[in-house]
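Chemist: Structure incoming, see below.
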Amino acid sequence: MDYQLYYETIPTGVDGLDSIIGGGFIRGRTYLISGETGTAKSLTALTFLIQGALKYGEPGIYVSVDETYEQFVEGARRFGWDIEYLRGRGLIEILVPEMDIVDRIRRKDPTAIAQSLVASIREYVASLNAQRLVIDPIAPLVSMDKDVQVLREYIRVLVMSIEREVGTTNIITTEIPSGSGAISRYGVEEFLATGVFILGIAKALDGTFKRVLFVRKMRWSPVHPGIYEIEIVPKVGIVVKNQIRERMVPVTYLPTL
Ligand SMILES: Nc1ncnc2c1ncn2[C@@H]1O[C@H](COP(=O)(O)OP(=O)(O)OP(=O)(O)O)[C@@H](O)[C@H]1O
Ligand SMILES: [Mg+2]
């Protein structure tokens, strides 16, 4: 029996990405975008959401953990994405978790907090018949270093509950602390994800800087490890270009080039 038949693959909406990951994302699964600050994690996740809606008619929910609604809409507008227009057409909805989420995770049972966020996500998903979901980033960035175990439990329950109870195809983002050499912030995100992408910045020998993407893991898909150049194209999003074969010096964390 061909078990592949049970996996429906959906196009990511990111130009150039599907062909290097075996066709696209598996519907209903969760993918991680990791990288140091400013490596285009949010833009990549939003390309999946916005192009998924525009090109494939799959509405999406953006959970904005770092930015208020106004900050996010204004930032997107500067990039050439009209969020209000997309909202008006029922193609996107923005969910901003309450600001005191860090305190609440710390004080209360992380499972209960994750489940209350999943309940809100389910309501938004139902109202739009959303097919895609982005949580950016998966955990609040405010330092909770002393509470890593608590945060790990919160992340684990959040991702597992979304896959079981919501049914969307998901991207979560997480920051790699500069110089840590880790591939995620809390060391648990990569194990929950079906696929992991690491974004970074590297310097070529001629001194030019390039934005790059490394496919670190892709369960059930034949992927040839490689580092690809990416480009930020206003109004469109992230575009994946050629594989990089020349020697480069990593500026942010990347596997040795
Ligand atoms: N119109 C544009 N053209 C080219 N580059 C742009 C444009 N708009 C933003 N950028 C670049 O994209 C980068 C930010 O991307 P993004 O916000 O997706 O990164 P991030 O990894 O999510 O960052 P953070 O760690 O702050 O969450 C900025 O550093 C900026 O240089
Ligand atoms: Mg971001």
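Chain lettering (A, B, ...) mirrors the order of the structure tokens, residue numbering begins at 1 for each chain separately, and ligand numbering begins at 1 in order of display.
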List as a PyMOL selection string the protein and nucleic acid residues near segment 123-132 of chain A, meaning an atom at most 10 Å away when only C-alpha atoms are counted, but skip any in the same chain fewer than 3 places from it.

Modeler: chain A and resi 27-28+48-50+52-53+57-62+87+89-95+118-120+166-171

Chemist: May I have the selected residues written with N, CA and C atoms, as an mmCIF file, in the first residue's frame?

Modeler:
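And here's result13.cif as it stands now:
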data_model
loop_
_atom_site.group_PDB
_atom_site.id
_atom_site.type_symbol
_atom_site.label_atom_id
_atom_site.label_comp_id
_atom_site.auth_asym_id
_atom_site.auth_seq_id
_atom_site.Cartn_x
_atom_site.Cartn_y
_atom_site.Cartn_z
ATOM 1 N N ARG A 27 -0.824 18.817 4.601
ATOM 2 C CA ARG A 27 -1.968 19.494 5.203
ATOM 3 C C ARG A 27 -2.173 19.054 6.650
ATOM 4 N N GLY A 28 -2.396 20.038 7.524
ATOM 5 C CA GLY A 28 -2.685 19.741 8.920
ATOM 6 C C GLY A 28 -1.461 19.650 9.820
ATOM 7 N N PHE A 48 3.449 32.712 3.303
ATOM 8 C CA PHE A 48 2.639 31.482 3.326
ATOM 9 C C PHE A 48 1.152 31.819 3.529
ATOM 10 N N LEU A 49 0.888 32.756 4.438
ATOM 11 C CA LEU A 49 -0.495 33.091 4.768
ATOM 12 C C LEU A 49 -1.154 33.914 3.660
ATOM 13 N N ILE A 50 -0.482 34.971 3.241
ATOM 14 C CA ILE A 50 -1.104 35.922 2.308
ATOM 15 C C ILE A 50 -1.171 35.334 0.904
ATOM 16 N N GLY A 52 -1.112 32.173 0.246
ATOM 17 C CA GLY A 52 -2.035 31.035 0.364
ATOM 18 C C GLY A 52 -3.468 31.496 0.160
ATOM 19 N N ALA A 53 -3.793 32.670 0.712
ATOM 20 C CA ALA A 53 -5.144 33.224 0.560
ATOM 21 C C ALA A 53 -5.367 33.728 -0.866
ATOM 22 N N GLY A 57 -6.861 30.551 -2.389
ATOM 23 C CA GLY A 57 -8.167 30.704 -1.743
ATOM 24 C C GLY A 57 -8.259 30.051 -0.378
ATOM 25 N N GLU A 58 -7.115 29.922 0.323
ATOM 26 C CA GLU A 58 -7.132 29.347 1.673
ATOM 27 C C GLU A 58 -7.005 30.470 2.706
ATOM 28 N N PRO A 59 -8.102 30.841 3.373
ATOM 29 C CA PRO A 59 -8.016 31.911 4.376
ATOM 30 C C PRO A 59 -7.066 31.527 5.517
ATOM 31 N N GLY A 60 -6.483 32.535 6.164
ATOM 32 C CA GLY A 60 -5.507 32.252 7.225
ATOM 33 C C GLY A 60 -5.649 33.158 8.436
ATOM 34 N N ILE A 61 -5.159 32.659 9.564
ATOM 35 C CA ILE A 61 -5.159 33.404 10.828
ATOM 36 C C ILE A 61 -3.714 33.715 11.202
ATOM 37 N N TYR A 62 -3.449 34.990 11.535
ATOM 38 C CA TYR A 62 -2.116 35.391 11.989
ATOM 39 C C TYR A 62 -2.198 35.725 13.476
ATOM 40 N N ARG A 87 -8.786 41.407 5.125
ATOM 41 C CA ARG A 87 -9.770 41.124 6.184
ATOM 42 C C ARG A 87 -11.187 41.326 5.662
ATOM 43 N N ARG A 89 -12.280 40.921 2.808
ATOM 44 C CA ARG A 89 -12.673 39.838 1.903
ATOM 45 C C ARG A 89 -12.697 38.468 2.592
ATOM 46 N N GLY A 90 -12.497 38.490 3.912
ATOM 47 C CA GLY A 90 -12.569 37.226 4.668
ATOM 48 C C GLY A 90 -11.386 36.304 4.412
ATOM 49 N N LEU A 91 -10.242 36.894 3.995
ATOM 50 C CA LEU A 91 -9.083 36.059 3.655
ATOM 51 C C LEU A 91 -8.058 35.965 4.776
ATOM 52 N N ILE A 92 -8.141 36.903 5.714
ATOM 53 C CA ILE A 92 -7.169 36.858 6.813
ATOM 54 C C ILE A 92 -7.824 37.425 8.067
ATOM 55 N N GLU A 93 -7.397 36.941 9.215
ATOM 56 C CA GLU A 93 -7.828 37.542 10.477
ATOM 57 C C GLU A 93 -6.619 37.574 11.402
ATOM 58 N N ILE A 94 -6.573 38.622 12.230
ATOM 59 C CA ILE A 94 -5.418 38.824 13.114
ATOM 60 C C ILE A 94 -5.864 38.596 14.548
ATOM 61 N N LEU A 95 -5.141 37.751 15.251
ATOM 62 C CA LEU A 95 -5.454 37.508 16.660
ATOM 63 C C LEU A 95 -4.255 37.980 17.488
ATOM 64 N N VAL A 118 -5.825 28.189 22.270
ATOM 65 C CA VAL A 118 -6.352 27.308 21.218
ATOM 66 C C VAL A 118 -7.861 27.530 21.045
ATOM 67 N N ALA A 119 -8.563 27.769 22.144
ATOM 68 C CA ALA A 119 -10.012 28.022 22.046
ATOM 69 C C ALA A 119 -10.269 29.287 21.219
ATOM 70 N N SER A 120 -9.465 30.342 21.455
ATOM 71 C CA SER A 120 -9.631 31.581 20.659
ATOM 72 C C SER A 120 -9.309 31.311 19.203
ATOM 73 N N VAL A 166 -7.674 21.779 15.724
ATOM 74 C CA VAL A 166 -7.954 22.902 14.809
ATOM 75 C C VAL A 166 -7.902 22.455 13.348
ATOM 76 N N GLY A 167 -6.878 21.711 12.975
ATOM 77 C CA GLY A 167 -6.871 21.136 11.633
ATOM 78 C C GLY A 167 -6.260 21.997 10.539
ATOM 79 N N THR A 168 -5.778 23.190 10.889
ATOM 80 C CA THR A 168 -5.116 24.044 9.897
ATOM 81 C C THR A 168 -3.699 23.528 9.611
ATOM 82 N N THR A 169 -3.112 24.013 8.514
ATOM 83 C CA THR A 169 -1.681 23.796 8.264
ATOM 84 C C THR A 169 -0.969 25.007 8.868
ATOM 85 N N ASN A 170 0.088 24.738 9.643
ATOM 86 C CA ASN A 170 0.602 25.795 10.526
ATOM 87 C C ASN A 170 2.077 26.114 10.327
ATOM 88 N N ILE A 171 2.403 27.400 10.496
ATOM 89 C CA ILE A 171 3.805 27.795 10.663
ATOM 90 C C ILE A 171 3.930 28.443 12.030
#

Chemist: With only C-alpha atoms and all ligand atoms counted, collect every polymer residue having an atom within 12 Å of ligand 2; state the result as JSON, numbers by chain.

Modeler: {"A": [33, 34, 35, 36, 37, 38, 39, 40, 41, 42, 43, 44, 45, 46, 63, 64, 65, 66, 67, 72, 75, 76, 134, 135, 136, 137, 138, 139, 140, 141, 172, 173, 174, 175, 176, 199]}

Chemist: Given the selection you just returned, output its residues as a file containing C-alpha atoms, formatted as a compact mmCIF listing (two decimals), in the first residue's frame.

Modeler:
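Final file, out-v2.txt:
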# COMPACT_ATOMS: atom_id res chain seq x y z
CA ILE A 33 10.80 28.81 10.93
CA SER A 34 13.81 29.50 13.07
CA GLY A 35 16.57 32.09 12.87
CA GLU A 36 18.27 34.96 14.64
CA THR A 37 16.58 38.33 14.84
CA GLY A 38 15.89 40.12 11.55
CA THR A 39 16.35 37.06 9.32
CA ALA A 40 12.85 37.42 7.75
CA LYS A 41 10.98 34.82 9.81
CA SER A 42 7.84 36.94 9.97
CA LEU A 43 7.94 37.85 6.28
CA THR A 44 8.32 34.19 5.30
CA ALA A 45 5.44 33.07 7.54
CA LEU A 46 3.27 35.88 6.18
CA VAL A 63 -1.43 35.25 15.72
CA SER A 64 0.67 38.33 16.43
CA VAL A 65 2.49 37.74 19.69
CA ASP A 66 5.09 40.53 19.40
CA GLU A 67 3.16 43.37 17.82
CA PHE A 72 1.35 44.87 12.45
CA GLY A 75 4.29 47.38 9.03
CA ALA A 76 2.52 45.20 6.47
CA VAL A 134 0.75 31.36 11.75
CA ILE A 135 1.87 31.89 15.34
CA ASP A 136 4.65 34.49 15.34
CA PRO A 137 6.52 33.75 17.55
CA ILE A 138 5.39 30.60 19.33
CA ALA A 139 6.32 31.89 22.79
CA PRO A 140 6.42 35.45 24.12
CA LEU A 141 9.90 36.87 23.65
CA ILE A 172 5.30 28.70 14.00
CA THR A 173 8.34 30.93 14.31
CA THR A 174 10.98 30.95 17.00
CA GLU A 175 14.06 33.03 17.58
CA ILE A 176 17.54 31.58 17.89
CA LEU A 199 16.84 31.51 8.00

Chemist: Select, from A:Ser221, A:Thr68, A:Gln243, A:Thr47, the residue with the minimum atom-to-atom distance to ligand 1, counting only C-alpha atoms and all ligand atoms.

Modeler: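 Comparing A:Ser221, A:Thr68, A:Gln243, A:Thr47 against ligand 1, the winner is A:Thr47.
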
Chemist: A:Gly237, A:Gly179, A:Gly187, A:Pro225: which is nearest Val251 of chain A, counting only C-alpha atoms?

Modeler: A:Gly179

Chemist: Distance atom CA of Thr252 of chain A-atom CA of Glu229 of chain A, one decimal place?

Modeler: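 Interatomic distance, atom CA of Thr252 of chain A to atom CA of Glu229 of chain A: 14.2 Å.
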
Chemist: Which residue gives the smallest distance to Tyr253 of chain A among A:Tyr85, A:Phe79, A:Phe25, A:Phe214, with only C-alpha atoms counted?

Modeler: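 Looking at the shortest contact to Tyr253 of chain A, the residue is A:Phe214.
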
Chemist: For Val239 of chain A, work out the shell of residues within 10 Å, counting only C-alpha atoms and skipping chain neighbours fewer than 3 positions away, then give it as number ranges by chain.

Modeler: A: 13-17, 44, 47, 229-233, 236

Chemist: Per DSSP on the backbone, what are the helix (DSSP H, G or I) residues of segment 43-179 of chain A, as an MDAnalysis selection string?

Modeler: chainID A and resid 43:56 69:79 83:88 101:107 110:128 145:165

Chemist: Considering only C-alpha atoms and all ligand atoms, state which residue in the set A:Gln115, A:Asn242, A:Gln71, A:Thr194 is at the smallest distance from ligand 1.

Modeler: A:Gln71

Chemist: Which of these, A:Val159, A:Val215, A:Val223, A:Met248, has the shortest distance to Ile201 of chain A once you count only C-alpha atoms?

Modeler: A:Met248

Chemist: Pick from A:Arg78, A:Arg29, A:Arg106, A:Lys210: nearest to ligand 1, with only C-alpha atoms and all ligand atoms counted?

Modeler: A:Arg78
